[in-house]
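Worksheet: the structure to be examined is printed underneath.
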Amino acid sequence: MKIARRADYKRMAWKNGQGVTEEVAAFPAGSTTDNFDWRLSIAHVGADGPFSVFSGIDRTIALLDGAGLALVLPEGRIKELSQEGTPFSFSGDWEISSRNLNEPTIDLNIMTRRRRCTHAMQRITLAPGETLTTPGFNWAVFNSPAKIEADGQELAIERFDAIALEAGESFTNHKTEAKILLVTITPAI
């Protein structure tokens, strides 16, 4: 188990220069936006505009903060994201743009390179006393502060901190409900 603290995330401009992202983690270590196998990041969307195109990449996005984000998809389709909504998966090859609904937004992104990895993202809520045990390699990104117990140690988790869990590793939530986005990354077979 590894804890990634938001204060330590690498901040960088988007590939298209239209915004800022905080890189939670990427593989392999030291990879760039051009050669990662997978990349987990938090994007700050301050203005309406185009998304970066990532050819050969599969993406999933979930809204963390803000009133809502409308994605303008190919053929003019619109997909609106909300803080409680289901994460949305799409091809990084698509040319899409976004529009904030009333205020800037923050979202979580997982990107995986096709034929190297696949991924899934889901929202979960852990009640006090509930334990999360993972069957594979996962990242738990917290969308609320939490107090957890892992390996007999109590830890304070801040909003947007993340925990990398290998198969069979677990933690128990304490005190209050914990809102988490659980990202599963699987190597391609």
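By convention here, the chains of the structure tokens are called A, B, ... in the order presented, each chain's residues are numbered starting at 1, and ligands are numbered starting at 1 in the order presented.
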Using only C-alpha atoms, which residues sit within 9 Å of Ile163 of chain A once same-chain residues fewer than 4 positions away are excluded, as a list in words? Met1, Lys2, Ile3, Ala4, Arg5, Asn138, Trp139, Ala140, Val141 and Phe142 of chain A
Write the residues you've just listed into a file as a PDB file, in the first residue's frame, and include C-alpha atoms for each of them.
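Final output, out.pdb:
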ATOM      1  CA  MET A   1       0.000   0.000   0.000  1.00  0.00           C
ATOM      2  CA  LYS A   2       1.248   3.439  -0.943  1.00  0.00           C
ATOM      3  CA  ILE A   3      -0.288   6.778   0.006  1.00  0.00           C
ATOM      4  CA  ALA A   4       0.000   9.628  -2.500  1.00  0.00           C
ATOM      5  CA  ARG A   5      -0.528  13.021  -0.883  1.00  0.00           C
ATOM      6  CA  ASN A 138      -6.377  -0.221  -7.595  1.00  0.00           C
ATOM      7  CA  TRP A 139      -6.105   3.439  -6.777  1.00  0.00           C
ATOM      8  CA  ALA A 140      -8.576   4.844  -4.236  1.00  0.00           C
ATOM      9  CA  VAL A 141      -8.868   8.608  -4.765  1.00  0.00           C
ATOM     10  CA  PHE A 142     -10.670  10.318  -1.890  1.00  0.00           C
TER      11      PHE A 142
END
With only C-alpha atoms as the counted atoms, please give the residues lying no more than 8 Å from segment 66-73 of chain A, apart from itself and same-chain residues fewer than 3 positions off, as a list in words. Leu63, Gly76, Arg77, Ile78, Lys79, Glu80, Leu81, Ser82, Gln83, Trp94, Glu95, Ile96, Ser97, Ser98, Arg99, Asn100, Leu101, Asn102, Glu103, Pro104, Thr105 and Ile106 of chain A
Tell me which of A:Ser89, A:Thr60, A:Thr172, A:Thr112 sits closest to Ala26 of chain A, counting only C-alpha atoms. A:Thr112
Residues of segment 21-153 of chain A in strand (DSSP E or B), written as a PyMOL selection string: chain A and resi 21-27+38-45+49-50+57-65+69-72+78-81+88-91+97-100+105-113+117-126+131-133+138-142+146-150+153
Exercise: Ile185 of chain A partners within 8 Å, only C-alpha atoms, chain neighbours under 4 positions left out, as a count of residues only: 7
Counting only C-alpha atoms, the residue of A:Asn143, A:Arg116, A:Ala156, A:Gly168 that sits nearest Ile189 of chain A: A:Arg116
Distance query Met111 of chain A at most 8 Å, only C-alpha atoms, self and fewer than 4 positions along chain excluded, as a VMD selection string: chain A and resid 38 to 40 57 to 60 119
Measure the distance from atom CA of Ala167 of chain A to atom CA of Leu181 of chain A in Å and round it to one decimal. 17.1 Å
